[in-house]
Structures are given as C-alpha cells and as structure tokens.
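S.K.: Please find start-v6.tsv (TSV, C-alpha atoms and all ligand atoms) on the next line:
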chain	number	residue	atom	x	y	z
A	1	MET	CA	-61.63	-28.63	44.60
A	2	ASN	CA	-64.35	-26.74	42.82
A	3	ASN	CA	-63.48	-24.32	40.11
A	4	LEU	CA	-66.11	-21.73	40.86
A	5	SER	CA	-63.74	-19.49	42.76
A	6	PHE	CA	-61.32	-19.36	39.81
A	7	PRO	CA	-62.50	-17.29	36.87
A	8	GLU	CA	-60.86	-19.44	34.23
A	9	ARG	CA	-60.73	-18.30	30.62
A	10	THR	CA	-59.66	-19.90	27.38
A	11	CYS	CA	-57.17	-18.46	24.89
A	12	CYS	CA	-58.88	-17.84	21.56
A	13	ILE	CA	-55.72	-19.02	19.77
A	14	CYS	CA	-54.14	-21.96	21.58
A	15	LYS	CA	-57.19	-22.88	23.71
A	16	ASP	CA	-55.09	-22.92	26.85
A	17	LYS	CA	-57.15	-22.48	30.05
A	18	LYS	CA	-55.84	-20.26	32.84
A	19	ASP	CA	-56.84	-17.64	35.35
A	20	LYS	CA	-58.09	-14.57	33.52
A	21	LYS	CA	-55.24	-12.48	34.92
A	22	GLU	CA	-52.90	-14.44	32.67
A	23	PHE	CA	-54.62	-13.18	29.53
A	24	PHE	CA	-55.02	-10.02	27.54
A	25	ARG	CA	-58.69	-9.24	27.07
A	26	ILE	CA	-59.99	-7.98	23.76
A	27	VAL	CA	-63.56	-6.98	22.91
A	28	GLU	CA	-65.42	-6.48	19.68
A	29	LYS	CA	-66.51	-2.99	18.70
A	30	ASN	CA	-68.27	-2.47	15.37
A	31	GLY	CA	-66.69	-5.51	13.77
A	32	ASN	CA	-63.17	-4.82	14.99
A	33	TYR	CA	-61.52	-5.96	18.16
A	34	ILE	CA	-59.84	-3.58	20.56
A	35	PHE	CA	-57.54	-4.23	23.49
A	36	ASP	CA	-59.36	-3.88	26.79
A	37	ASN	CA	-56.39	-3.10	28.99
A	38	ASP	CA	-58.40	-2.32	32.12
A	39	GLN	CA	-60.69	-5.32	31.63
A	40	LYS	CA	-63.63	-2.98	32.02
A	41	GLU	CA	-65.41	-3.02	28.65
A	42	GLN	CA	-68.93	-4.33	29.08
A	43	SER	CA	-69.00	-6.41	25.90
A	44	ARG	CA	-68.16	-10.08	25.99
A	45	GLY	CA	-64.44	-10.54	26.27
A	46	THR	CA	-62.16	-12.67	24.16
A	47	TYR	CA	-58.95	-13.78	25.80
A	48	ILE	CA	-55.47	-14.29	24.50
A	49	CYS	CA	-52.26	-15.52	26.16
A	50	LYS	CA	-49.60	-12.98	27.03
A	51	THR	CA	-47.13	-14.57	24.63
A	52	GLN	CA	-45.49	-13.50	21.36
A	53	GLU	CA	-46.68	-16.69	19.80
A	54	CYS	CA	-50.38	-16.22	20.39
A	55	LEU	CA	-50.22	-12.51	19.52
A	56	GLN	CA	-48.51	-13.31	16.24
A	57	LYS	CA	-51.19	-15.82	15.38
A	58	LEU	CA	-53.88	-13.35	16.39
A	59	SER	CA	-52.53	-10.85	13.88
A	60	LYS	CA	-53.28	-13.34	11.10
A	61	HIS	CA	-56.62	-14.53	12.46
A	62	LYS	CA	-59.39	-14.71	9.86
A	63	LYS	CA	-62.34	-13.95	12.14
A	64	ILE	CA	-60.87	-11.86	14.95
A	65	LYS	CA	-59.95	-8.61	13.20
A	66	ILE	CA	-57.68	-6.39	15.22
A	67	SER	CA	-55.61	-3.41	14.10
A	68	MET	CA	-51.83	-3.28	14.24
A	69	GLU	CA	-52.17	-0.44	16.75
A	70	GLU	CA	-54.10	-2.57	19.19
A	71	LEU	CA	-51.69	-5.46	18.71
A	72	LEU	CA	-48.76	-3.16	19.40
A	73	LYS	CA	-50.29	-2.03	22.67
A	74	MET	CA	-50.28	-5.64	23.82
A	75	ALA	CA	-46.87	-6.46	22.35
A	76	ASN	CA	-45.32	-3.52	24.21
A	77	LEU	CA	-46.77	-4.70	27.50
A	78	LEU	CA	-45.45	-8.13	26.69
A	79	LYS	CA	-41.93	-6.84	26.17
A	80	LYS	CA	-41.92	-5.21	29.57
A	81	HIS	CA	-43.45	-8.29	31.12
A	82	GLU	CA	-40.89	-10.63	29.55
A	83	LYS	CA	-37.95	-8.41	30.36
A	84	LYS	CA	-39.01	-8.32	33.94
A	85	ASP	CA	-39.44	-12.07	34.15
A	86	TYR	CA	-36.05	-12.60	32.61
A	87	LEU	CA	-34.36	-10.29	35.08
A	88	ASN	CA	-36.29	-12.01	37.84
A	89	ILE	CA	-34.76	-15.32	36.83
A	90	LEU	CA	-31.29	-13.79	37.14
A	91	LYS	CA	-32.30	-12.21	40.42
A	92	ALA	CA	-33.46	-15.55	41.75
A	93	MET	CA	-30.03	-17.01	41.00
A	94	ARG	CA	-27.90	-14.17	42.22
A	95	ASN	CA	-26.69	-15.99	45.32
A	96	SER	CA	-26.14	-19.30	43.59
A	97	GLN	CA	-22.52	-18.81	42.45
A	98	ALA	CA	-23.86	-19.40	38.96
A	99	LEU	CA	-23.39	-15.79	37.89
A	100	SER	CA	-20.51	-13.43	37.25
A	101	PHE	CA	-21.11	-9.75	36.77
A	102	GLY	CA	-19.19	-6.69	35.74
A	103	ILE	CA	-16.61	-6.54	32.95
A	104	ASN	CA	-13.62	-7.59	35.05
A	105	MET	CA	-15.21	-10.55	36.77
A	106	VAL	CA	-16.80	-11.77	33.56
A	107	LEU	CA	-13.53	-11.58	31.64
A	108	GLU	CA	-11.74	-13.34	34.49
A	109	ASP	CA	-14.31	-16.15	34.49
A	110	ILE	CA	-14.71	-16.24	30.73
A	111	GLN	CA	-13.43	-19.80	30.35
A	112	HIS	CA	-16.28	-21.04	32.55
A	113	ILE	CA	-19.06	-19.01	31.03
A	114	HIS	CA	-21.94	-20.41	28.99
A	115	PHE	CA	-24.16	-17.41	28.43
A	116	ILE	CA	-23.74	-13.64	28.55
A	117	VAL	CA	-26.34	-10.93	29.09
A	118	MET	CA	-25.15	-7.44	28.17
A	119	ALA	CA	-26.93	-4.18	28.92
A	120	GLU	CA	-28.49	-2.56	25.87
A	121	ASP	CA	-26.69	0.65	26.82
A	122	ILE	CA	-23.27	-0.93	27.39
A	123	GLY	CA	-20.35	1.29	26.36
A	124	GLU	CA	-18.75	0.67	22.99
A	125	LYS	CA	-15.35	-0.34	24.34
A	126	ASN	CA	-16.70	-2.94	26.77
A	127	ASP	CA	-19.13	-4.14	24.16
A	128	ARG	CA	-16.27	-4.86	21.78
A	129	LYS	CA	-14.21	-6.63	24.46
A	130	ILE	CA	-17.03	-8.95	25.49
A	131	VAL	CA	-18.27	-9.67	21.98
A	132	ALA	CA	-14.75	-10.53	20.80
A	133	LYS	CA	-14.30	-13.02	23.65
A	134	ALA	CA	-17.78	-14.46	23.21
A	135	LYS	CA	-17.18	-15.04	19.52
A	136	GLU	CA	-13.73	-16.47	20.09
A	137	LEU	CA	-15.06	-19.01	22.61
A	138	GLY	CA	-18.47	-19.56	21.01
A	139	ILE	CA	-20.44	-18.27	23.97
A	140	PRO	CA	-24.01	-17.17	23.15
A	141	TYR	CA	-24.79	-13.59	24.18
A	142	ILE	CA	-27.72	-11.20	24.13
A	143	TYR	CA	-28.43	-7.56	24.91
A	144	HIS	CA	-31.15	-7.34	27.49
A	145	GLY	CA	-32.34	-4.50	29.70
A	146	THR	CA	-30.45	-1.39	30.71
A	147	LYS	CA	-27.39	-1.10	32.93
A	148	GLU	CA	-29.73	0.07	35.65
A	149	GLN	CA	-32.02	-2.93	35.23
A	150	LEU	CA	-29.10	-5.36	35.27
A	151	GLY	CA	-27.83	-3.53	38.34
A	152	GLU	CA	-31.08	-4.23	40.14
A	153	VAL	CA	-30.34	-7.94	39.92
A	154	PHE	CA	-27.48	-7.47	42.38
A	155	SER	CA	-28.82	-4.38	44.15
A	156	LYS	CA	-26.19	-2.18	42.49
A	157	ASP	CA	-26.68	1.11	40.65
A	158	GLU	CA	-25.49	-0.18	37.31
A	159	ILE	CA	-24.12	-3.38	35.84
A	160	THR	CA	-23.00	-3.67	32.23
A	161	VAL	CA	-22.78	-7.42	31.90
A	162	ILE	CA	-23.97	-10.56	33.69
A	163	ALA	CA	-22.64	-13.98	32.73
A	164	VAL	CA	-23.92	-17.44	33.57
A	165	LYS	CA	-21.41	-20.09	34.63
A	166	ASN	CA	-23.90	-22.89	35.16
A	167	LYS	CA	-24.59	-24.87	31.99
A	168	LYS	CA	-28.15	-25.87	32.92
A	169	ILE	CA	-29.20	-22.36	33.82
A	170	ALA	CA	-27.57	-21.03	30.66
A	171	ARG	CA	-29.53	-23.47	28.58
A	172	GLY	CA	-32.76	-22.51	30.35
A	173	LEU	CA	-32.17	-18.85	29.58
A	174	ILE	CA	-31.27	-19.45	25.96
A	175	ASN	CA	-34.49	-21.35	25.28
A	201	ZN	ZN	-52.76	-18.84	23.70
Starting from the file, lay out its structure as structure tokens.
Ligand SMILES: [Zn+2]

M.R.:
Amino acid sequence: MNNLSFPERTCCICKDKKDKKEFFRIVEKNGNYIFDNDQKEQSRGTYICKTQECLQKLSKHKKIKISMEELLKMANLLKKHEKKDYLNILKAMRNSQALSFGINMVLEDIQHIHFIVMAEDIGEKNDRKIVAKAKELGIPYIYHGTKEQLGEVFSKDEITVIAVKNKKIARGLIN
C-alpha cells in the first residue's frame, strides 16, 4: 500500500508517526509557538500527540517555546477527549454483564466488584456509602464525569455510580 494518501506526521516529542488528525498542531510565531486548533495557520506545523505525557514534555522543551496558556488550551481539549474515550469504553461494555450501576445494584454486587467509577457530582450521602465500602474491601475507585455523562452509558438520565465486575476490564480501566 502506498502512503501518499495518508498525511502522516511525526510527534515532535516521542517521534511517533500517525495520521495528522491524531495530533495537535502548533506553529511558530515570532519565536514562540502557538496552538493551531483549526489547523489553518500557513506556517510550517509542528505536531504533538494528544496525550498528557507528550504535552508535559513539551512544556519543558528547550527549543519549542510555548506559553502555559497555549498548553492549557490543548490540555483542556485532552481532558474532554479522554473523558469521552473512557465513557466510550464503559458504553462498549454495557451489555456484557461486566458492569453494575446505580447505588443499590452496586452495593448489592459489592463483593464481586473490582473497580468503581463515581460521578463527580455524586451526592454526599451516597459518596460516603460507596467510599466506605470501597475502602473496607480495597476496591479502587475514581470520580469521573457527571451523573448525566455516566447516565449516557446506559441511556439513562443520570447515574451516580458504575462498577466493574470483570477483573480484566477493571485492570484495563485502572491502567
Ligand atoms: Zn508524542
């Protein structure tokens, strides 16, 4: 297969090669780099992976000087992007019997649970209940997304907590 139809670019940090859609594009302007969100700046582009890791390294780069403001613009997009991917993983597994959701079901299944995702806006009372159980049984837990976003995983209005019963999937989400 010839590569001409794929506009491949290289990350300026890790040297990874991918389709240019997978990168943030930055361009130099008067000695400083700015984030070219629309990929429209005429100057030669420099590309960087959409990962925390590469962005963090970029912030300390000796030659590519970029302001905290520009870095933040990318980091914020990254957060959204990652959150979405994460919820998409849960969504992909929603019919697999690997998940419990809602306070009652999660507490009922708690002995079989390996990982817990709580909404960032979970109510205080439920928060305390889940955290106490998680600590007691040594189950890792995180706060991720809003009740509404967790709800979307199961096509409900709101869900406060989703728990993973499958060990392998739990491990995949923790890493
Ligand atoms: Zn990279």

S.K.: Identify, counting all atoms listed in the file, the protein, DNA and RNA residues located within 7 Å of ligand ZN 201 (chain A), and give them as an MDAnalysis selection string.

M.R.: chainID A and resid 11:16 48:49 54

S.K.: For Glu152 (chain A), work out the shell of residues within 12 Å, counting only C-alpha atoms and skipping chain neighbours fewer than 6 positions away, then give it as a count of residues only.

M.R.: 15

S.K.: List the neighbours of Met105 (chain A) out to 12 Å using only C-alpha atoms; skip same-chain residues closer than 2 positions along the sequence, and give me the result as a PDB file with C-alpha atoms, in the coordinates of the input.

M.R.:
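Result written to result06.pdb:
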ATOM      1  CA  LEU A  99     -23.390 -15.790  37.890  1.00  0.00           C
ATOM      2  CA  SER A 100     -20.510 -13.430  37.250  1.00  0.00           C
ATOM      3  CA  PHE A 101     -21.110  -9.750  36.770  1.00  0.00           C
ATOM      4  CA  GLY A 102     -19.190  -6.690  35.740  1.00  0.00           C
ATOM      5  CA  ILE A 103     -16.610  -6.540  32.950  1.00  0.00           C
ATOM      6  CA  LEU A 107     -13.530 -11.580  31.640  1.00  0.00           C
ATOM      7  CA  GLU A 108     -11.740 -13.340  34.490  1.00  0.00           C
ATOM      8  CA  ASP A 109     -14.310 -16.150  34.490  1.00  0.00           C
ATOM      9  CA  ILE A 110     -14.710 -16.240  30.730  1.00  0.00           C
ATOM     10  CA  GLN A 111     -13.430 -19.800  30.350  1.00  0.00           C
ATOM     11  CA  HIS A 112     -16.280 -21.040  32.550  1.00  0.00           C
ATOM     12  CA  ILE A 113     -19.060 -19.010  31.030  1.00  0.00           C
ATOM     13  CA  ILE A 130     -17.030  -8.950  25.490  1.00  0.00           C
ATOM     14  CA  ILE A 159     -24.120  -3.380  35.840  1.00  0.00           C
ATOM     15  CA  THR A 160     -23.000  -3.670  32.230  1.00  0.00           C
ATOM     16  CA  VAL A 161     -22.780  -7.420  31.900  1.00  0.00           C
ATOM     17  CA  ILE A 162     -23.970 -10.560  33.690  1.00  0.00           C
ATOM     18  CA  ALA A 163     -22.640 -13.980  32.730  1.00  0.00           C
ATOM     19  CA  VAL A 164     -23.920 -17.440  33.570  1.00  0.00           C
ATOM     20  CA  LYS A 165     -21.410 -20.090  34.630  1.00  0.00           C
TER      21      LYS A 165
END

S.K.: Calculate how many Å separate CA of Gln52 (chain A) from CA of Glu28 (chain A), rounding to one decimal.

M.R.: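 Computing the Euclidean distance for CA of Gln52 (chain A) and CA of Glu28 (chain A) yields 21.2 Å.
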
S.K.: At what distance in Å, to one decimal, does CA of Asp19 (chain A) lie from CA of Arg171 (chain A)?

M.R.: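 Result for CA of Arg171 (chain A) versus CA of Asp19 (chain A): 28.7 Å, one decimal.
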
S.K.: Which residues come within 7 Å of Val27 (chain A), counting all atoms listed in the file, excluding same-chain residues fewer than 5 positions away, as a PDB file with C-alpha atoms, keeping the file's coordinate frame?

M.R.:
ATOM      1  CA  TYR A  33     -61.520  -5.960  18.160  1.00  0.00           C
ATOM      2  CA  ILE A  34     -59.840  -3.580  20.560  1.00  0.00           C
ATOM      3  CA  PHE A  35     -57.540  -4.230  23.490  1.00  0.00           C
ATOM      4  CA  ASP A  36     -59.360  -3.880  26.790  1.00  0.00           C
ATOM      5  CA  SER A  43     -69.000  -6.410  25.900  1.00  0.00           C
ATOM      6  CA  ARG A  44     -68.160 -10.080  25.990  1.00  0.00           C
ATOM      7  CA  GLY A  45     -64.440 -10.540  26.270  1.00  0.00           C
ATOM      8  CA  THR A  46     -62.160 -12.670  24.160  1.00  0.00           C
TER       9      THR A  46
END

S.K.: Measuring atom to atom with all atoms listed in the file, identify which of A:Ser155, A:Lys129, A:Asn76, A:Asn32 is nearest to Asn95 (chain A).

M.R.: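 Smallest distance to Asn95 (chain A) is found for A:Ser155.
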
S.K.: Just checking: using only C-alpha atoms, which residue out of A:Lys50, A:Lys40, A:His61, A:Lys147 ends up closest to Met118 (chain A)?

M.R.: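 For Met118 (chain A), the nearest of the candidates is A:Lys147.
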
S.K.: Could you work out an axis-aligned box for region 97-112 of chain A, taking every atom the file lists and adding 3 Å on each side, and report centre and edge lengths in Å to one decimal, as AutoDock Vina command-line options?

M.R.:
--center_x -17.8 --center_y -13.8 --center_z 36.4 --size_x 18.1 --size_y 20.5 --size_z 18.1

S.K.: To one decimal place, how far is CA of Ala98 (chain A) from CA of Phe115 (chain A) in Å?

M.R.: 10.7 Å

S.K.: For Glu22 (chain A), which of A:Leu78, A:Met93, A:Ile169, A:Ala134 is the closest residue, counting only C-alpha atoms?

M.R.: A:Leu78

S.K.: Any idea what's packed within 10 Å of Ile174 (chain A), counting only C-alpha atoms, ignoring anything in its chain fewer than 4 positions away? Could you give it as JSON, numbers by chain?

M.R.: {"A": [114, 115, 116, 140, 141, 142, 168, 169, 170]}

S.K.: Which residues, protein or nucleic acid, reach to within 12 Å of (-48.2, -6.3, 21.0) in the file's coordinates when using all atoms listed in the file, and can you give that as number ranges by chain?

M.R.: A: 24, 34-35, 37, 48-59, 66-81

S.K.: Can you take the partial region 25-51 of chain A, add N, CA, C and O atoms, and return it as an mmCIF file, in the frame of the given file?

M.R.:
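The resulting file, selection18.cif, is shown below:
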data_model
loop_
_atom_site.group_PDB
_atom_site.id
_atom_site.type_symbol
_atom_site.label_atom_id
_atom_site.label_comp_id
_atom_site.auth_asym_id
_atom_site.auth_seq_id
_atom_site.Cartn_x
_atom_site.Cartn_y
_atom_site.Cartn_z
ATOM 1 N N ARG A 25 -57.276 -9.164 27.428
ATOM 2 C CA ARG A 25 -58.690 -9.240 27.070
ATOM 3 C C ARG A 25 -58.930 -8.322 25.881
ATOM 4 O O ARG A 25 -58.462 -7.174 25.867
ATOM 5 N N ILE A 26 -59.601 -8.823 24.892
ATOM 6 C CA ILE A 26 -59.990 -7.980 23.760
ATOM 7 C C ILE A 26 -61.506 -8.061 23.613
ATOM 8 O O ILE A 26 -62.120 -9.060 24.000
ATOM 9 N N VAL A 27 -62.102 -6.987 23.100
ATOM 10 C CA VAL A 27 -63.560 -6.980 22.910
ATOM 11 C C VAL A 27 -63.895 -6.441 21.524
ATOM 12 O O VAL A 27 -63.154 -5.627 20.964
ATOM 13 N N GLU A 28 -65.006 -6.898 21.019
ATOM 14 C CA GLU A 28 -65.420 -6.480 19.680
ATOM 15 C C GLU A 28 -66.178 -5.163 19.744
ATOM 16 O O GLU A 28 -67.027 -4.962 20.599
ATOM 17 N N LYS A 29 -65.792 -4.269 18.824
ATOM 18 C CA LYS A 29 -66.510 -2.990 18.700
ATOM 19 C C LYS A 29 -66.705 -2.702 17.237
ATOM 20 O O LYS A 29 -65.738 -2.487 16.518
ATOM 21 N N ASN A 30 -67.933 -2.727 16.776
ATOM 22 C CA ASN A 30 -68.270 -2.470 15.370
ATOM 23 C C ASN A 30 -67.449 -3.318 14.405
ATOM 24 O O ASN A 30 -66.885 -2.804 13.453
ATOM 25 N N GLY A 31 -67.348 -4.596 14.710
ATOM 26 C CA GLY A 31 -66.690 -5.510 13.770
ATOM 27 C C GLY A 31 -65.188 -5.624 13.945
ATOM 28 O O GLY A 31 -64.564 -6.507 13.381
ATOM 29 N N ASN A 32 -64.602 -4.719 14.723
ATOM 30 C CA ASN A 32 -63.170 -4.820 14.990
ATOM 31 C C ASN A 32 -62.924 -5.050 16.473
ATOM 32 O O ASN A 32 -63.695 -4.585 17.309
ATOM 33 N N TYR A 33 -61.845 -5.715 16.760
ATOM 34 C CA TYR A 33 -61.520 -5.960 18.160
ATOM 35 C C TYR A 33 -60.568 -4.877 18.677
ATOM 36 O O TYR A 33 -59.715 -4.382 17.940
ATOM 37 N N ILE A 34 -60.774 -4.503 19.915
ATOM 38 C CA ILE A 34 -59.840 -3.580 20.560
ATOM 39 C C ILE A 34 -59.320 -4.216 21.849
ATOM 40 O O ILE A 34 -59.951 -5.103 22.421
ATOM 41 N N PHE A 35 -58.156 -3.737 22.262
ATOM 42 C CA PHE A 35 -57.540 -4.230 23.490
ATOM 43 C C PHE A 35 -58.214 -3.579 24.682
ATOM 44 O O PHE A 35 -58.305 -2.355 24.756
ATOM 45 N N ASP A 36 -58.701 -4.382 25.584
ATOM 46 C CA ASP A 36 -59.360 -3.880 26.790
ATOM 47 C C ASP A 36 -58.392 -3.995 27.966
ATOM 48 O O ASP A 36 -58.471 -4.908 28.775
ATOM 49 N N ASN A 37 -57.496 -3.038 28.028
ATOM 50 C CA ASN A 37 -56.390 -3.100 28.990
ATOM 51 C C ASN A 37 -56.894 -3.154 30.439
ATOM 52 O O ASN A 37 -56.354 -3.889 31.256
ATOM 53 N N ASP A 38 -57.922 -2.383 30.742
ATOM 54 C CA ASP A 38 -58.400 -2.320 32.120
ATOM 55 C C ASP A 38 -59.412 -3.428 32.438
ATOM 56 O O ASP A 38 -59.899 -3.499 33.555
ATOM 57 N N GLN A 39 -59.705 -4.245 31.466
ATOM 58 C CA GLN A 39 -60.690 -5.320 31.630
ATOM 59 C C GLN A 39 -62.021 -4.760 32.099
ATOM 60 O O GLN A 39 -62.680 -5.340 32.956
ATOM 61 N N LYS A 40 -62.421 -3.623 31.531
ATOM 62 C CA LYS A 40 -63.630 -2.980 32.020
ATOM 63 C C LYS A 40 -64.734 -2.880 30.981
ATOM 64 O O LYS A 40 -65.864 -2.532 31.308
ATOM 65 N N GLU A 41 -64.393 -3.116 29.713
ATOM 66 C CA GLU A 41 -65.410 -3.020 28.650
ATOM 67 C C GLU A 41 -66.530 -4.002 28.945
ATOM 68 O O GLU A 41 -66.285 -5.144 29.317
ATOM 69 N N GLN A 42 -67.760 -3.514 28.747
ATOM 70 C CA GLN A 42 -68.930 -4.330 29.080
ATOM 71 C C GLN A 42 -69.138 -5.498 28.124
ATOM 72 O O GLN A 42 -69.692 -6.517 28.523
ATOM 73 N N SER A 43 -68.719 -5.347 26.871
ATOM 74 C CA SER A 43 -69.000 -6.410 25.900
ATOM 75 C C SER A 43 -68.298 -7.710 26.303
ATOM 76 O O SER A 43 -67.362 -7.706 27.105
ATOM 77 N N ARG A 44 -68.741 -8.770 25.690
ATOM 78 C CA ARG A 44 -68.160 -10.080 25.990
ATOM 79 C C ARG A 44 -66.687 -10.087 25.622
ATOM 80 O O ARG A 44 -66.314 -9.670 24.527
ATOM 81 N N GLY A 45 -65.878 -10.563 26.519
ATOM 82 C CA GLY A 45 -64.440 -10.540 26.270
ATOM 83 C C GLY A 45 -63.940 -11.769 25.538
ATOM 84 O O GLY A 45 -64.504 -12.841 25.659
ATOM 85 N N THR A 46 -62.893 -11.555 24.764
ATOM 86 C CA THR A 46 -62.160 -12.670 24.160
ATOM 87 C C THR A 46 -60.775 -12.613 24.775
ATOM 88 O O THR A 46 -60.241 -11.526 25.000
ATOM 89 N N TYR A 47 -60.203 -13.770 25.056
ATOM 90 C CA TYR A 47 -58.950 -13.780 25.800
ATOM 91 C C TYR A 47 -57.811 -14.356 24.992
ATOM 92 O O TYR A 47 -58.019 -15.256 24.170
ATOM 93 N N ILE A 48 -56.636 -13.810 25.227
ATOM 94 C CA ILE A 48 -55.470 -14.290 24.500
ATOM 95 C C ILE A 48 -54.244 -14.314 25.413
ATOM 96 O O ILE A 48 -54.036 -13.390 26.217
ATOM 97 N N CYS A 49 -53.457 -15.362 25.317
ATOM 98 C CA CYS A 49 -52.260 -15.520 26.160
ATOM 99 C C CYS A 49 -51.323 -14.331 26.013
ATOM 100 O O CYS A 49 -51.217 -13.750 24.942
ATOM 101 N N LYS A 50 -50.622 -14.029 27.082
ATOM 102 C CA LYS A 50 -49.600 -12.980 27.030
ATOM 103 C C LYS A 50 -48.299 -13.552 26.491
ATOM 104 O O LYS A 50 -47.284 -13.593 27.186
ATOM 105 N N THR A 51 -48.338 -14.029 25.255
ATOM 106 C CA THR A 51 -47.130 -14.570 24.630
ATOM 107 C C THR A 51 -47.001 -14.028 23.205
ATOM 108 O O THR A 51 -48.008 -13.741 22.554
#
